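Below is the file final25.csv, which contains CSV, C-alpha atoms and all ligand atoms.
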```csv
chain,number,residue,atom,x,y,z
A,42,MET,CA,25.5,89.7,59.5
A,43,THR,CA,25.9,89.7,55.7
A,44,ILE,CA,22.8,91.0,54.0
A,45,ARG,CA,21.8,88.9,51.0
A,46,SER,CA,19.1,88.8,48.4
A,47,LYS,CA,17.4,85.5,47.5
A,48,ILE,CA,14.9,84.2,45.0
A,49,ALA,CA,11.7,83.5,47.0
A,50,GLY,CA,9.5,82.4,44.1
A,51,THR,CA,9.8,81.6,40.4
A,52,GLY,CA,7.3,81.5,37.5
A,53,SER,CA,7.2,81.0,33.8
A,54,CYS,CA,4.9,81.2,30.8
A,55,VAL,CA,5.1,80.0,27.2
A,56,PRO,CA,2.5,80.4,24.5
A,57,GLU,CA,0.4,77.3,23.8
A,58,GLN,CA,1.2,77.0,20.1
A,59,VAL,CA,4.2,74.6,19.5
A,60,LEU,CA,6.2,74.8,16.3
A,61,THR,CA,8.2,71.6,15.7
A,62,ASN,CA,11.2,71.0,13.5
A,63,LYS,CA,8.9,68.9,11.3
A,64,ASP,CA,6.6,71.9,10.9
A,65,LEU,CA,9.6,74.0,9.8
A,66,GLU,CA,10.5,71.3,7.2
A,67,SER,CA,7.4,72.3,5.3
A,68,MET,CA,8.1,76.1,5.6
A,69,ILE,CA,11.9,76.3,4.7
A,70,ASP,CA,14.7,74.3,3.3
A,71,THR,CA,15.8,72.5,6.5
A,72,SER,CA,15.5,69.2,8.3
A,73,ASP,CA,14.8,68.0,11.8
A,74,GLU,CA,18.2,66.2,11.7
A,75,TRP,CA,20.1,69.5,10.9
A,76,ILE,CA,18.3,71.5,13.5
A,77,THR,CA,18.6,68.8,16.2
A,78,THR,CA,22.3,68.0,15.7
A,79,ARG,CA,23.4,71.6,15.2
A,80,THR,CA,21.3,73.3,17.9
A,81,GLY,CA,19.6,70.7,20.1
A,82,ILE,CA,16.2,72.3,19.5
A,83,ARG,CA,13.3,70.0,18.7
A,84,GLN,CA,10.4,72.4,19.1
A,85,ARG,CA,9.6,76.0,20.2
A,86,HIS,CA,6.6,78.0,21.4
A,87,ILE,CA,5.2,80.8,19.3
A,88,ALA,CA,2.9,83.6,20.5
A,89,PRO,CA,-0.2,84.2,18.2
A,90,GLN,CA,-1.0,87.8,17.2
A,91,GLY,CA,-2.7,89.4,20.2
A,92,GLN,CA,-0.6,87.7,22.8
A,93,ASN,CA,2.2,90.1,23.7
A,94,ASN,CA,5.4,90.2,25.6
A,95,SER,CA,3.7,91.9,28.6
A,96,ASP,CA,1.0,89.2,28.7
A,97,LEU,CA,3.6,86.4,29.0
A,98,ALA,CA,5.6,88.5,31.5
A,99,ALA,CA,2.5,89.1,33.7
A,100,GLU,CA,1.5,85.4,33.7
A,101,ALA,CA,5.0,84.4,34.7
A,102,SER,CA,5.1,87.1,37.4
A,103,MET,CA,1.7,85.9,38.9
A,104,ALA,CA,3.1,82.4,39.2
A,105,ALA,CA,6.3,83.7,40.9
A,106,LEU,CA,4.3,86.0,43.3
A,107,SER,CA,2.0,83.1,44.2
A,108,MET,CA,5.0,80.8,45.0
A,109,ALA,CA,6.7,83.5,47.1
A,110,GLY,CA,3.4,84.3,48.9
A,111,VAL,CA,3.9,88.0,48.0
A,112,ASP,CA,1.1,90.3,47.0
A,113,ALA,CA,1.6,92.5,44.0
A,114,SER,CA,0.9,95.6,46.2
A,115,GLU,CA,4.0,94.7,48.3
A,116,LEU,CA,6.3,95.0,45.3
A,117,ASP,CA,8.9,97.9,45.3
A,118,LEU,CA,10.3,97.4,41.8
A,119,ILE,CA,9.6,95.5,38.6
A,120,ILE,CA,12.6,95.0,36.2
A,121,VAL,CA,12.1,93.4,32.8
A,122,GLY,CA,15.0,92.2,30.7
A,123,THR,CA,13.9,92.2,27.0
A,124,LEU,CA,14.8,93.0,23.5
A,125,THR,CA,11.3,92.6,22.1
A,126,PRO,CA,9.1,95.1,24.1
A,127,ASP,CA,5.4,95.4,23.1
A,128,MET,CA,6.3,99.0,22.0
A,129,PRO,CA,9.2,101.5,22.5
A,130,MET,CA,7.1,103.4,25.1
A,131,PRO,CA,5.9,102.5,27.7
A,132,SER,CA,8.2,99.8,28.9
A,133,VAL,CA,7.1,96.2,29.3
A,134,ALA,CA,7.7,96.7,33.1
A,135,CYS,CA,5.1,99.4,33.2
A,136,LEU,CA,2.6,97.3,31.4
A,137,VAL,CA,3.2,94.4,33.8
A,138,GLN,CA,2.9,96.9,36.7
A,139,ARG,CA,-0.5,97.8,35.4
A,140,ARG,CA,-1.6,94.2,34.9
A,141,LEU,CA,-0.5,93.1,38.4
A,142,GLY,CA,-1.9,96.2,40.1
A,143,ALA,CA,1.5,96.7,41.6
A,144,THR,CA,0.7,100.3,42.6
A,145,ASN,CA,3.7,100.7,44.9
A,146,ALA,CA,6.3,99.6,42.5
A,147,GLY,CA,8.7,101.5,40.2
A,148,ALA,CA,9.2,99.8,36.8
A,149,PHE,CA,11.7,99.8,34.0
A,150,ASP,CA,13.2,97.6,31.3
A,151,VAL,CA,16.8,96.5,30.8
A,152,ALA,CA,18.2,96.2,27.3
A,153,ALA,CA,20.9,93.6,27.6
A,154,THR,CA,19.6,91.0,25.1
A,155,CYS,CA,20.0,87.4,26.4
A,156,SER,CA,21.7,88.7,29.5
A,157,GLY,CA,18.6,90.8,30.3
A,158,PHE,CA,17.5,88.6,33.2
A,159,LEU,CA,20.9,88.3,34.8
A,160,TYR,CA,21.4,92.1,34.5
A,161,SER,CA,17.9,92.6,36.1
A,162,LEU,CA,18.7,90.1,38.9
A,163,SER,CA,22.0,91.9,39.6
A,164,ILE,CA,20.2,95.2,39.9
A,165,ALA,CA,17.6,93.6,42.2
A,166,ASP,CA,20.4,92.3,44.3
A,167,LYS,CA,21.8,95.8,44.8
A,168,PHE,CA,18.4,97.3,45.7
A,169,ILE,CA,17.8,94.5,48.3
A,170,LYS,CA,21.3,95.0,49.8
A,171,GLU,CA,20.4,98.6,50.3
A,172,ASP,CA,17.1,97.7,52.0
A,173,PRO,CA,16.4,93.9,52.7
A,174,SER,CA,12.7,94.6,53.4
A,175,ARG,CA,12.2,95.3,49.6
A,176,LYS,CA,10.4,92.9,47.3
A,177,ILE,CA,11.4,93.0,43.6
A,178,LEU,CA,10.3,91.2,40.5
A,179,ALA,CA,13.1,90.4,38.0
A,180,ILE,CA,11.7,89.2,34.7
A,181,GLY,CA,13.1,88.0,31.3
A,182,SER,CA,10.4,88.0,28.6
A,183,GLU,CA,10.5,87.9,24.8
A,184,VAL,CA,8.4,87.6,21.7
A,185,LEU,CA,11.3,86.9,19.3
A,186,SER,CA,9.1,85.3,16.7
A,187,ARG,CA,8.0,88.8,15.6
A,188,ARG,CA,11.6,89.9,15.1
A,189,THR,CA,12.5,86.7,13.2
A,190,ASN,CA,12.8,86.5,9.4
A,191,TRP,CA,10.8,83.3,8.6
A,192,ASP,CA,12.5,83.1,5.2
A,193,ASP,CA,16.0,83.0,6.8
A,194,ARG,CA,16.7,79.4,7.7
A,195,THR,CA,19.9,80.4,9.5
A,196,THR,CA,18.0,82.2,12.3
A,197,CYS,CA,14.3,81.2,12.2
A,198,VAL,CA,14.9,77.7,13.5
A,199,LEU,CA,16.5,79.1,16.6
A,200,PHE,CA,14.4,81.8,18.2
A,201,ALA,CA,11.1,81.6,20.2
A,202,ASP,CA,8.8,83.1,22.7
A,203,GLY,CA,8.3,82.9,26.5
A,204,ALA,CA,8.8,84.6,29.9
A,205,GLY,CA,10.2,83.7,33.3
A,206,ALA,CA,10.1,85.7,36.5
A,207,ALA,CA,11.7,85.6,40.0
A,208,VAL,CA,10.6,87.4,43.2
A,209,VAL,CA,13.7,88.7,44.9
A,210,THR,CA,13.6,89.4,48.7
A,211,GLY,CA,16.0,89.7,51.6
A,212,SER,CA,17.4,86.4,52.8
A,213,GLN,CA,16.9,85.4,56.5
A,214,ASP,CA,19.4,82.5,56.3
A,215,GLU,CA,22.5,81.3,54.4
A,216,SER,CA,20.6,81.2,51.1
A,217,GLY,CA,20.9,83.9,48.5
A,218,ILE,CA,23.0,85.6,45.8
A,219,LEU,CA,26.8,85.4,46.5
A,220,SER,CA,28.3,87.1,43.4
A,221,THR,CA,27.2,88.9,40.3
A,222,CYS,CA,29.4,89.7,37.2
A,223,LEU,CA,28.3,91.9,34.3
A,224,HIS,CA,30.2,92.4,31.0
A,225,ALA,CA,29.8,93.9,27.6
A,226,ASP,CA,31.7,94.5,24.4
A,227,GLY,CA,30.0,96.8,21.9
A,228,SER,CA,32.9,96.7,19.4
A,229,VAL,CA,31.4,93.7,17.6
A,230,TRP,CA,27.8,94.8,17.9
A,231,ASP,CA,27.0,94.0,14.3
A,232,LEU,CA,27.6,90.3,14.7
A,233,LEU,CA,24.1,90.0,16.3
A,234,THR,CA,21.7,92.9,15.7
A,235,ILE,CA,18.2,94.1,14.8
A,236,ARG,CA,19.3,97.2,12.8
A,237,GLY,CA,15.9,98.8,12.1
A,238,LEU,CA,13.0,99.9,14.2
A,239,GLY,CA,15.1,102.1,16.5
A,240,THR,CA,15.7,105.7,15.7
A,241,ALA,CA,18.9,105.3,13.6
A,242,TYR,CA,17.0,104.5,10.4
A,243,PRO,CA,13.6,105.6,9.0
A,244,VAL,CA,11.1,102.8,8.9
A,245,ASP,CA,10.5,102.9,5.2
A,246,GLN,CA,10.1,100.4,2.3
A,247,GLU,CA,13.9,100.3,1.8
A,248,LEU,CA,14.5,99.2,5.5
A,249,LEU,CA,11.7,96.6,5.2
A,250,SER,CA,13.1,95.2,1.9
A,251,LYS,CA,16.5,94.8,3.5
A,252,GLY,CA,15.0,92.9,6.3
A,253,TRP,CA,16.4,95.2,8.9
A,254,GLN,CA,13.3,94.7,11.1
A,255,TYR,CA,14.6,91.2,11.8
A,256,ILE,CA,17.4,89.5,13.8
A,257,GLU,CA,20.7,89.2,11.8
A,258,MET,CA,23.3,86.9,13.2
A,259,LYS,CA,26.8,85.8,12.1
A,260,GLY,CA,26.3,82.5,13.8
A,261,LYS,CA,29.8,81.0,13.6
A,262,ASP,CA,31.4,84.2,14.9
A,263,VAL,CA,28.8,84.6,17.7
A,264,PHE,CA,29.4,80.9,18.7
A,265,LYS,CA,33.2,81.5,19.1
A,266,HIS,CA,32.6,84.6,21.3
A,267,ALA,CA,29.9,82.9,23.3
A,268,VAL,CA,31.9,79.8,24.4
A,269,LYS,CA,34.9,82.0,25.4
A,270,ALA,CA,32.8,84.5,27.3
A,271,LEU,CA,30.6,81.9,29.0
A,272,GLU,CA,33.6,79.9,30.2
A,273,SER,CA,35.4,83.0,31.4
A,274,VAL,CA,32.4,84.4,33.3
A,275,ALA,CA,31.7,81.0,34.9
A,276,HIS,CA,35.2,80.9,36.4
A,277,GLU,CA,35.0,84.5,37.4
A,278,SER,CA,31.6,84.1,39.1
A,279,MET,CA,32.7,81.0,41.0
A,280,ALA,CA,36.0,82.5,42.1
A,281,LYS,CA,34.1,85.5,43.5
A,282,ALA,CA,31.8,83.1,45.4
A,283,GLY,CA,34.9,81.2,46.7
A,284,TRP,CA,33.8,78.0,44.9
A,285,SER,CA,35.8,75.4,42.9
A,286,ASN,CA,34.1,73.5,40.1
A,287,ASP,CA,33.4,70.6,42.5
A,288,ASP,CA,31.2,73.0,44.7
A,289,LEU,CA,28.7,73.5,41.9
A,290,ASP,CA,25.4,71.6,42.1
A,291,LEU,CA,23.7,73.1,39.1
A,292,LEU,CA,24.7,75.1,36.1
A,293,ILE,CA,21.9,77.0,34.3
A,294,ALA,CA,23.3,78.6,31.2
A,295,HIS,CA,21.5,80.6,28.5
A,296,GLN,CA,19.9,78.0,26.2
A,297,ALA,CA,21.3,79.1,22.8
A,298,ASN,CA,22.8,75.9,21.5
A,299,ILE,CA,23.3,72.4,22.9
A,300,ARG,CA,26.9,72.4,21.5
A,301,ILE,CA,27.7,75.5,23.7
A,302,LEU,CA,26.2,73.7,26.7
A,303,ASP,CA,28.2,70.5,26.0
A,304,PHE,CA,31.4,72.6,25.6
A,305,LEU,CA,30.8,74.2,29.0
A,306,ARG,CA,30.1,70.9,30.6
A,307,GLU,CA,33.4,69.5,29.4
A,308,ARG,CA,35.5,72.7,30.2
A,309,LEU,CA,34.0,72.9,33.7
A,310,ASN,CA,34.4,69.2,34.1
A,311,LEU,CA,30.8,68.7,35.2
A,312,PRO,CA,28.7,65.5,35.1
A,313,LYS,CA,25.6,65.7,32.8
A,314,GLU,CA,23.1,65.9,35.6
A,315,LYS,CA,24.7,69.2,36.8
A,316,VAL,CA,24.0,71.0,33.5
A,317,PHE,CA,20.3,72.0,33.1
A,318,ILE,CA,19.0,71.6,29.5
A,319,ASN,CA,15.6,72.5,28.1
A,320,ILE,CA,16.6,74.0,24.8
A,321,ASP,CA,15.0,71.0,23.1
A,322,LYS,CA,11.5,72.2,24.2
A,323,TYR,CA,11.8,75.9,24.0
A,324,GLY,CA,14.6,77.0,21.6
A,325,ASN,CA,16.4,80.2,22.2
A,326,THR,CA,14.1,82.6,24.2
A,327,SER,CA,16.9,85.2,24.8
A,328,ALA,CA,16.3,87.0,28.2
A,329,ALA,CA,13.6,84.5,29.1
A,330,SER,CA,15.7,81.3,28.8
A,331,ILE,CA,17.4,81.4,32.2
A,332,PRO,CA,14.3,82.3,34.3
A,333,ILE,CA,12.2,79.7,32.4
A,334,ALA,CA,14.9,77.1,33.1
A,335,LEU,CA,15.2,78.3,36.7
A,336,ASP,CA,11.5,77.9,37.2
A,337,GLU,CA,11.5,74.4,35.7
A,338,ALA,CA,14.4,73.3,37.8
A,339,ASN,CA,12.7,74.7,40.9
A,340,ARG,CA,9.3,73.2,40.3
A,341,SER,CA,10.6,69.8,39.3
A,342,GLY,CA,12.6,69.5,42.5
A,343,LYS,CA,15.9,69.6,40.8
A,344,LEU,CA,16.9,72.6,43.0
A,345,LYS,CA,17.3,71.7,46.7
A,346,LYS,CA,17.8,74.0,49.6
A,347,GLY,CA,21.5,74.7,50.1
A,348,ASP,CA,22.4,73.8,46.4
A,349,ASN,CA,25.1,76.0,44.8
A,350,VAL,CA,23.7,77.3,41.5
A,351,LEU,CA,25.5,79.2,38.8
A,352,LEU,CA,23.6,81.2,36.2
A,353,ILE,CA,25.5,82.4,33.0
A,354,SER,CA,24.4,84.2,29.9
A,355,PHE,CA,25.7,85.6,26.6
A,356,GLY,CA,23.9,87.6,23.9
A,357,GLY,CA,23.9,90.5,21.4
A,358,GLY,CA,25.7,93.6,22.3
A,359,PHE,CA,27.7,91.6,23.2
A,360,THR,CA,26.7,91.2,26.8
A,361,TRP,CA,27.5,88.4,29.2
A,362,ALA,CA,26.9,87.8,32.9
A,363,GLY,CA,27.2,85.4,35.7
A,364,VAL,CA,25.4,85.0,39.1
A,365,THR,CA,26.1,82.5,41.8
A,366,MET,CA,23.6,81.7,44.5
A,367,ARG,CA,23.0,79.3,47.4
A,368,TRP,CA,19.4,78.0,46.9
B,1,LIG,N1,18.8,74.0,7.9
B,1,LIG,C1,19.7,73.4,7.1
B,1,LIG,N2,20.9,73.9,6.7
B,1,LIG,C2,21.2,75.1,7.3
B,1,LIG,C3,20.3,75.8,8.2
B,1,LIG,C4,19.1,75.2,8.5
B,1,LIG,N3,18.2,75.7,9.3
B,1,LIG,N4,20.9,76.9,8.6
B,1,LIG,C5,22.1,77.0,8.0
B,1,LIG,N5,22.3,75.9,7.2
B,1,LIG,C6,23.4,75.5,6.4
B,1,LIG,C7,24.3,76.7,6.0
B,1,LIG,O1,23.7,77.4,4.9
B,1,LIG,C8,25.6,76.1,5.7
B,1,LIG,O2,25.6,75.5,4.4
B,1,LIG,P1,26.9,75.6,3.5
B,1,LIG,O3,28.0,74.9,4.3
B,1,LIG,O4,26.5,74.9,2.3
B,1,LIG,O5,27.2,77.1,3.4
B,1,LIG,C9,25.7,74.9,6.7
B,1,LIG,O6,24.3,74.7,7.1
B,1,LIG,C10,26.5,75.3,8.0
B,1,LIG,O7,26.0,76.6,8.5
B,1,LIG,P2,26.8,77.2,9.7
B,1,LIG,O8,26.2,78.6,9.9
B,1,LIG,O9,28.2,77.1,9.5
B,1,LIG,O10,26.3,76.3,10.9
B,1,LIG,P3,26.8,76.3,12.4
B,1,LIG,O11,27.3,74.9,12.6
B,1,LIG,O12,27.7,77.4,12.7
B,1,LIG,O13,25.4,76.4,13.2
B,1,LIG,C11,24.3,78.1,14.5
B,1,LIG,C12,24.7,77.6,13.1
B,1,LIG,C13,23.3,77.1,15.0
B,1,LIG,C14,23.5,79.4,14.3
B,1,LIG,C15,25.5,78.3,15.4
B,1,LIG,O14,26.5,79.0,14.7
B,1,LIG,C16,25.2,79.0,16.7
B,1,LIG,O15,24.5,78.4,17.6
B,1,LIG,N6,25.7,80.2,17.0
B,1,LIG,C17,25.6,80.9,18.3
B,1,LIG,C18,24.3,81.3,18.6
B,1,LIG,C19,24.3,82.1,19.9
B,1,LIG,O16,25.0,81.7,20.9
B,1,LIG,N7,23.7,83.3,20.0
B,1,LIG,C20,23.8,84.1,21.1
B,1,LIG,C21,22.6,84.4,21.9
B,1,LIG,S1,21.3,84.8,20.9
B,1,LIG,C22,20.8,86.4,21.2
B,1,LIG,O17,21.5,87.2,21.7
B,1,LIG,C23,19.4,86.8,20.8
```

Using structure tokens, write down the structure that the file contains.
Ligand code: ACO
Amino acid sequence: MTIRSKIAGTGSCVPEQVLTNKDLESMIDTSDEWITTRTGIRQRHIAPQGQNNSDLAAEASMAALSMAGVDASELDLIIVGTLTPDMPMPSVACLVQRRLGATNAGAFDVAATCSGFLYSLSIADKFIKEDPSRKILAIGSEVLSRRTNWDDRTTCVLFADGAGAAVVTGSQDESGILSTCLHADGSVWDLLTIRGLGTAYPVDQELLSKGWQYIEMKGKDVFKHAVKALESVAHESMAKAGWSNDDLDLLIAHQANIRILDFLRERLNLPKEKVFINIDKYGNTSAASIPIALDEANRSGKLKKGDNVLLISFGGGFTWAGVTMRW
């Protein structure tokens, strides 16, 4: 019998505070009309000082554990995809491990930007295939608002905060992950980067005045790479699962831009109801966007047992990934 991993529970958490496009109109030279038509975003959630990445990740995890009926003490591994950890050391995963009291779990972060959740889920899949009795938390969590330059209208309208989590266990039936595809291309790393706050440059006045503590993005170039990579990994993932486009019940793609999602819908010849969209409510939450969407789709009843689901992501690095699963 084929050993498969499956998602046994999902959870998500976003900060209470909502920042609308109208709010942004009073902060920078922009308009609700520009943001909505160019990105599809209408509002986003922003964490106040004191609420950190690990807080959001822990909340999302507790909801996922509760749905799965799994106690934190049963967890073998916690994997967090993130580009905005609370601090360089320890990892967000270790802080979540402490908050949950998951005393039997190993814990580490995955640095794969917006693909962080799918990279984490793919790693979880391999650990479960080795031992299907394992229970693993795969998380995507970000506080991008603190790496956003609020004077830069080309980026600050896009990024936001939130977390999503999935409990991954062995599957007892036909449900579960069918294929995983991971890709990267570091040759164009500087199209989307946070240059400072690593060890390459001293954190001094010069770095801060250049704004290297913030996200820099060449939006048009990233857009072109994103649509190409996402379409390609969608085909690759479905081919590996033995699916044609018609077999797909729901596409959950990284929520970066409504125009990217519309492009994918056209290229994959999918009806509107098969493409999940919540970018209007949450903006781009990087690694958190897919698990938040997955949790919403799950809790709203949009995902039904036996559905064929495709998850695809693209982000800085570049990294891109695809996962197919039978729900
Ligand atoms: N409000 C009003 N005008 C604006 C704003 C704004 N917020 N931002 C830019 N503009 C202006 C620009 O200055 C420009 O004006 P100009 O023509 O006078 O020079 C004009 O609008 C058009 O700007 P573009 O950058 O060409 O706009 P574009 O249509 O490319 O949209 C966007 C920009 C939304 C960023 C788009 O390029 C995009 O979505 N890129 C991909 C993002 C993505 O997929 N990221 C990957 C994942 S994210 C991650 O890894 C963390």

Got a sec to check which residues sit within 10 Å of (-2.0, 96.9, 43.4), counting all atoms listed in the file, and write them as a ChimeraX atom specification? /A:112-116,138-146

Grab the CA of Ile256 (chain A) to CA of Ala297 (chain A) distance for me, in Å with one decimal place.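 One can read the CA of Ile256 (chain A) to CA of Ala297 (chain A) distance as 14.3 Å.
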
Long-range neighbours of region 76-81 of chain A as a list in words, 6 Å cut-off, only C-alpha atoms, 6 positions minimum in chain: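 Once the nearby chain positions are removed, what remains is Asn298, Ile299 and Asp321 of chain A.
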
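Closest approach to ligand LIG 1 (chain B) from the set A:Ala105, A:Leu292, A:Ala49, A:Ile69 is made by A:Ile69, with distances taken over only C-alpha atoms and all ligand atoms.
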
Could I get the residue neighbourhood of ligand LIG 1 (chain B) at 7 Å, counting all atoms listed in the file, as a list in words?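 Checked against 7 Å with all atoms listed in the file; the hits are Asp70, Thr71, Ser72, Trp75, Ile76, Arg79, Thr80, Thr154, Cys155, Arg194, Thr195, Thr196, Val198, Leu233, Gly260, Lys261, Val263, Phe264, Ala267, Ala297, Asn298, Asn325, Ser327, Phe355, Gly356 and Gly357 of chain A.
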
List the spatial neighbours of Glu100 (chain A) as a list in words - criterion: any atom at most 9 Å away, only C-alpha atoms, same-chain residues fewer than 3 positions off excluded.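 Here the qualifying residues turn out to be Gly52, Ser53, Cys54, Ser95, Asp96, Leu97, Met103, Ala104, Ala105, Ala204 and Gly205 of chain A.
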
Residues near region 120-131 of chain A, cut-off 6 Å, only C-alpha atoms, skip fewer than 6 positions along chain, as JSON, numbers by chain: {"A": [94, 148, 149, 150, 151, 152, 154, 157, 158, 161, 179, 180, 181, 182, 183, 184, 328]}

Can you patch up region 265-277 of chain A, filling it in to N, CA, C and O atoms, and show the result as a short mmCIF file (atom, residue, chain, number, x, y, z; two decimals), in the coordinates of the input?
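What follows is the written file part17.cif:
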```cif
data_model
loop_
_atom_site.label_atom_id
_atom_site.label_comp_id
_atom_site.auth_asym_id
_atom_site.auth_seq_id
_atom_site.Cartn_x
_atom_site.Cartn_y
_atom_site.Cartn_z
N LYS A 265 31.80 81.46 18.54
CA LYS A 265 33.20 81.50 19.10
C LYS A 265 33.26 82.49 20.26
O LYS A 265 33.89 82.18 21.28
N HIS A 266 32.65 83.66 20.14
CA HIS A 266 32.60 84.60 21.30
C HIS A 266 31.89 84.05 22.45
O HIS A 266 32.31 84.23 23.60
N ALA A 267 30.76 83.38 22.18
CA ALA A 267 29.90 82.90 23.30
C ALA A 267 30.62 81.87 24.15
O ALA A 267 30.59 81.99 25.38
N VAL A 268 31.28 80.89 23.53
CA VAL A 268 31.90 79.80 24.40
C VAL A 268 33.03 80.44 25.22
O VAL A 268 33.18 80.09 26.39
N LYS A 269 33.79 81.38 24.61
CA LYS A 269 34.90 82.00 25.40
C LYS A 269 34.37 82.81 26.54
O LYS A 269 34.85 82.68 27.67
N ALA A 270 33.37 83.65 26.26
CA ALA A 270 32.80 84.50 27.30
C ALA A 270 32.15 83.74 28.41
O ALA A 270 32.30 84.05 29.60
N LEU A 271 31.39 82.72 28.03
CA LEU A 271 30.60 81.90 29.00
C LEU A 271 31.59 81.17 29.95
O LEU A 271 31.40 81.13 31.17
N GLU A 272 32.63 80.58 29.36
CA GLU A 272 33.60 79.90 30.20
C GLU A 272 34.28 80.83 31.17
O GLU A 272 34.42 80.56 32.36
N SER A 273 34.67 81.97 30.62
CA SER A 273 35.40 83.00 31.40
C SER A 273 34.51 83.49 32.59
O SER A 273 34.96 83.58 33.74
N VAL A 274 33.25 83.82 32.28
CA VAL A 274 32.40 84.40 33.30
C VAL A 274 31.98 83.32 34.36
O VAL A 274 31.72 83.63 35.52
N ALA A 275 31.95 82.06 33.93
CA ALA A 275 31.70 81.00 34.90
C ALA A 275 32.79 80.91 35.90
O ALA A 275 32.54 80.87 37.12
N HIS A 276 34.05 80.93 35.43
CA HIS A 276 35.20 80.90 36.40
C HIS A 276 35.21 82.12 37.26
O HIS A 276 35.44 82.02 38.47
N GLU A 277 34.99 83.28 36.65
CA GLU A 277 35.00 84.50 37.40
C GLU A 277 33.95 84.53 38.52
O GLU A 277 34.23 84.90 39.67
#
```
